[in-house]
Each structure stands twice: as structure tokens, then as C-alpha cells.
Amino acid sequence: MESPANPSLLIVDDDVSFVRAAAEIARTIPYDITLADGVHQGELRLSRGNFDLVLIDLMLPDGSGLDLVPSCRRQAADVVLVTGHPTIESAVAACRTSLLDYLIKPIDPSRYRDLLERTARKRRLPPPPPGGDRYGLVGQSATLQRLVLQIERAAPTDASVLIHGESGVGKRLAAQAIHAASGRSGPFVSVCCAAATAEQLTALLSDAAPGSGGTVFLDEITELAPALQMHLLRALENLAPQRNNLRIVAATGYPGERSVSDGGLREDLYYRLGEFVIAIAPLRERSDDIAALASRFLAELNAQHATRKAFTGLALEQLRRFSWPGNVRELRNVIGHAYLMASGDVIGDPLGQVRVTRPLQETSSTLTVAVGTTFEEVERRMLMKTLEFFGNDKTKAARALGVSVKTIYNHLAKHQNPAETG
């Protein structure tokens, strides 16, 4: 197999001895070298080829090296400015251009070599792994493809759908995918069942005008109070003549019929909601999707902040081997933290940077949280786990957490966030 091309370096400087020395060091990496002696020739070289790294003297015979920076950035090249006459003004101007570095002649060979190695490592990174994106679902694993197939089978029907899976696997995203694939013209409305009221449920179901074609997503259906479960069941039965106009999708963290035995969901309501049941596998069971997901999250951060950070192959393998008890939500949090903590453009140890250790297995009375998880997410998980432990008895949960029942309701309402991954 033919080895990949060497990284490329453009040196723009009219100092022959400096150019010779800089090129000689770069060839040992090895780099392919191109030379230019001024702004005009530098622009010409940049217009005819793409470079991984551009080394530019600040003071050139026909202008300032800063004039070349826009052309370098357009082709996403790393830029290092060099000068033998440093001034405060030139340093400030250099910093404003978001350069890789700013060197003073005579340059430190070890520091120069480190810069060359940094760009070379980035140049040799493996290409992003293939990752499909159907309805926002990223990955190529057989497990994910089966999920997409189930979504596409359920979407055009009128059947109510019950989605189950661990916290953070993407239940809300799957519900939104069902709505999108159905072609319904009405809105997607999310309801946090832990904080729902009879009035809210009645309004959502009765206000569905003929032809509206919307989708109501009942998040964490087992958190719905027993009296409200009966209210919902009756409302759904009365809705039957209009079912073509309104799709019901519910989600639970309990697998299958454990929603009834362990989660306290009425059996008749379970079967009414579960005309079509979709199970979403935890991330540890579809490790082939981890690299694609991590790359997607990093690409979103790069686009948001106009950066070019990337993972090494070893970093992606490290992520793939982790167990991810918090699933996709935890992966996103870790990538966000690793992005912020990375000092350069290469992320080589994303788990180490956030000091994540392999968590202990959770039990019904314990909660495991990865370092780097947001306070809001810790609060949400603690609340839900405590309510689950006490059988959704909000009085007992409030007593255990040392807060009032009103505080429990307030926090349940606060965590009702349509944009959150379910």
C-alpha cells in the first residue's frame, strides 16, 4: 500500500541562510518544501497549491507577511510568523490573526521542530470514520441501521409508539425522527410526564384540530402520576376517531413490560401506547458508532468556534473502548470538555483530559456520574433516580433530598427541555 503524501510546508522569507536551515529541519520530519521570497511570490504559490503549514517572515521586501495570512486561512493552513525585529505592535497584530505560533529569530530549533511535528500529526490523522446521518441519527452500526428501519416502518402508520432505552441514548431524538419521517405537517410537542398536569394533557389532546397532523411526545411516561395515567388513557380512547391527526409517542427508561412491573405504568395504558415498540440500545452495545458520534460533536464545536481541532486515531480508539454509562449524552459532555482543555489542535487523550475513570456499576440505590458532567445534568439525574427509588413518591423523595415537595415540582418543570437528548 502506498504511503500517504508528506505534509507540505511553504517558507516565505528572503533570508537565504534562514530558509536553508528551516527547510533542512523540516525535511527530517519529513515535509515537502516550497519556497517564496516575498508577498507577491507567496500569493502566487498559495494560489497554485495547498499547504499544511506556512512559515512567513513578518518583514518582506515587498510588504508585510501579515498580508499573506488571509490566503493561508482560506485553505486552512497553519501559519507561523517569524521576525528578526520583534515589536509590541507586530506581536499584537500576529495574535489577532489566530496563528499557530510567533517566532523570534534566531528561532529555537526544538520549538520549531515541535511546531512541525504538531502540524504533521494533524496531517496524518486518519480520515473521519464513515457515519450516516438519518434524521440526526449518526453511525453505521447494524444496531443503528435496525433502529432507522424501525423508525421508517412506524412513521407512516397511525400506531402509537413506545420507545424504551437507558438515559442518554437518544429517545427524544428517535421520537423527533418518527415525526420527521412521517411527513406530518403539525408540530412536535414534548411533555415532561413528571411535571404534567391533567389540564395540560387535556389541552394537548383536545386541541388537536382535524388535519393538524402533529406528534405529542410523552417523555418518561412512567413518571406520570397514577391518577393522570387513567386520565390519559380515557383521553386517548376518546381521541380514537381523530387518530389520523395526532400521533402519540411515549418514552420510558424501563425495558419492555418492566415499565408495568417496575415502573408503575398501568398495563392497559402500556398496551395502548405500545402499539409499536422501539428499543434503543445503549452506546456500549454499538461501539462502532462512537467514532462517528465523537467526530460529529467535535465538528460542531469546530464550526461554532472556527477551529480545526481533531482526534488522533488512538483517541478515537480510547473513546470506542470506554463503557459510557451515560450513553450519547455523556459522550457529548466528554467531547465538549476535551475540546476546551486541548491546548493545541490535536486531541490525543480525551478521557484523560477530563480525568474520567471507569465508573462503578450503578444499582437501584446509587448514582454514578462521570467527571465533566454538568451540574444541571447531575441535578436532573439525582432527582430522577431518587424518585425512581421511592416509587415516584415525591414526598419521600423530597424528604430524602432535604427539600420541599414544591421544590421537587419546580425542578421537574425546570428540566422539561425539548432540546435535551432523551
# chains A, B, ... in the order shown; residues from 1 in each chain; ligands from 1

call {"tool": "select_by_dssp", "arguments": {"residues": "segment 250-348 of chain A", "states": "helix (DSSP H, G or I)", "output": "PyMOL selection string"}}
result
chain A and resi 258-261+267-273+283-285+287-305+313-321+327-341

call {"tool": "closest_atom_pairs", "arguments": {"of": "segment 264-321 of chain A", "to": "segment 161-173 of chain A", "cutoff": "9 Å", "atoms": "only C-alpha atoms", "output": "Markdown table"}}
result
| residue | atom | partner | partner_atom | distance |
| --- | --- | --- | --- | --- |
| A:Tyr270 | CA | A:Leu162 | CA | 8.3 |
| A:Leu273 | CA | A:Leu162 | CA | 5.9 |
| A:Gly274 | CA | A:Leu162 | CA | 4.8 |
| A:Glu275 | CA | A:Val161 | CA | 6.0 |
| A:Phe276 | CA | A:Val161 | CA | 4.7 |
| A:Val277 | CA | A:Leu162 | CA | 4.8 |
| A:Ile278 | CA | A:Ile163 | CA | 4.8 |
| A:Ala279 | CA | A:His164 | CA | 5.1 |
| A:Ile280 | CA | A:Gly165 | CA | 5.1 |
| A:Ala281 | CA | A:Gly165 | CA | 6.5 |
| A:Pro282 | CA | A:Val169 | CA | 5.9 |
| A:Leu283 | CA | A:Val169 | CA | 6.8 |

call {"tool": "closest_residue", "arguments": {"among": "A:Ala294, A:Ile151, A:Ile107, A:Ile29", "to": "Ala175 of chain A", "atoms": "only C-alpha atoms"}}
result
A:Ile151

call {"tool": "atom_distance", "arguments": {"atom1": "atom CA of Met341 of chain A", "atom2": "atom CA of Lys309 of chain A"}}
result
11.3 Å

call {"tool": "closest_residue", "arguments": {"among": "A:Gln75, A:Ser185, A:Thr143, A:Thr83", "to": "Asn245 of chain A", "atoms": "only C-alpha atoms"}}
result
A:Ser185

call {"tool": "residues_around", "arguments": {"residues": "Ala291 of chain A", "least_positions_apart": "6", "cutoff": "8 Å", "atoms": "only C-alpha atoms", "output": "ChimeraX atom specification"}}
result
/A:129,316-317,319-320

call {"tool": "residues_around", "arguments": {"residues": "Ala196 of chain A", "least_positions_apart": "4", "cutoff": "9 Å", "atoms": "only C-alpha atoms", "output": "NGL selection string"}}
result
:A and (191-192 or 200-201 or 224-225 or 228 or 413)

call {"tool": "select_by_dssp", "arguments": {"residues": "segment 288-392 of chain A", "states": "strand (DSSP E or B)", "output": "VMD selection string"}}
result
chain A and resid 310 to 311 346 to 347

call {"tool": "write_last_selection", "arguments": {"atoms": "C-alpha atoms", "output": "PDB file, in the first residue's frame"}}
result
ATOM      1  CA  ALA A 310      -9.099  16.828  15.554  1.00  0.00           C
ATOM      2  CA  PHE A 311      -8.748  13.452  17.232  1.00  0.00           C
ATOM      3  CA  VAL A 346      -4.796  17.698  18.317  1.00  0.00           C
ATOM      4  CA  ILE A 347      -6.849  15.838  20.926  1.00  0.00           C
TER       5      ILE A 347
END

call {"tool": "atom_distance", "arguments": {"atom1": "atom CA of Asp78 of chain A", "atom2": "atom CA of Leu55 of chain A"}}
result
8.6 Å

call {"tool": "closest_residue", "arguments": {"among": "A:Arg111, A:Arg146, A:Lys105, A:Arg321", "to": "Phe18 of chain A", "atoms": "only C-alpha atoms"}}
result
A:Lys105

call {"tool": "atom_distance", "arguments": {"atom1": "atom CA of Leu351 of chain A", "atom2": "atom CA of Gly253 of chain A"}}
result
26.4 Å

call {"tool": "closest_residue", "arguments": {"among": "A:Leu103, A:Leu340, A:Val378, A:Ile33", "to": "Asp57 of chain A", "atoms": "only C-alpha atoms"}}
result
A:Leu103

call {"tool": "residues_around", "arguments": {"residues": "Tyr254 of chain A", "least_positions_apart": "3", "cutoff": "9 Å", "atoms": "only C-alpha atoms", "output": "VMD selection string"}}
result
chain A and resid 164 to 166 222 251 257 to 260 262 to 263

call {"tool": "write_last_selection", "arguments": {"atoms": "C-alpha atoms", "output": "PDB file, in the first residue's frame"}}
result
ATOM      1  CA  HIS A 164     -37.532   2.472  25.681  1.00  0.00           C
ATOM      2  CA  GLY A 165     -33.847   2.779  26.471  1.00  0.00           C
ATOM      3  CA  GLU A 166     -31.394   3.969  29.097  1.00  0.00           C
ATOM      4  CA  THR A 222     -43.688   6.010  33.997  1.00  0.00           C
ATOM      5  CA  ALA A 251     -40.654   7.031  26.134  1.00  0.00           C
ATOM      6  CA  GLU A 257     -43.057  -4.746  30.257  1.00  0.00           C
ATOM      7  CA  ARG A 258     -40.857  -3.746  33.182  1.00  0.00           C
ATOM      8  CA  SER A 259     -42.474  -0.349  32.631  1.00  0.00           C
ATOM      9  CA  VAL A 260     -45.501  -2.020  34.241  1.00  0.00           C
ATOM     10  CA  ASP A 262     -41.105  -1.944  37.992  1.00  0.00           C
ATOM     11  CA  GLY A 263     -42.113   1.439  36.654  1.00  0.00           C
TER      12      GLY A 263
END
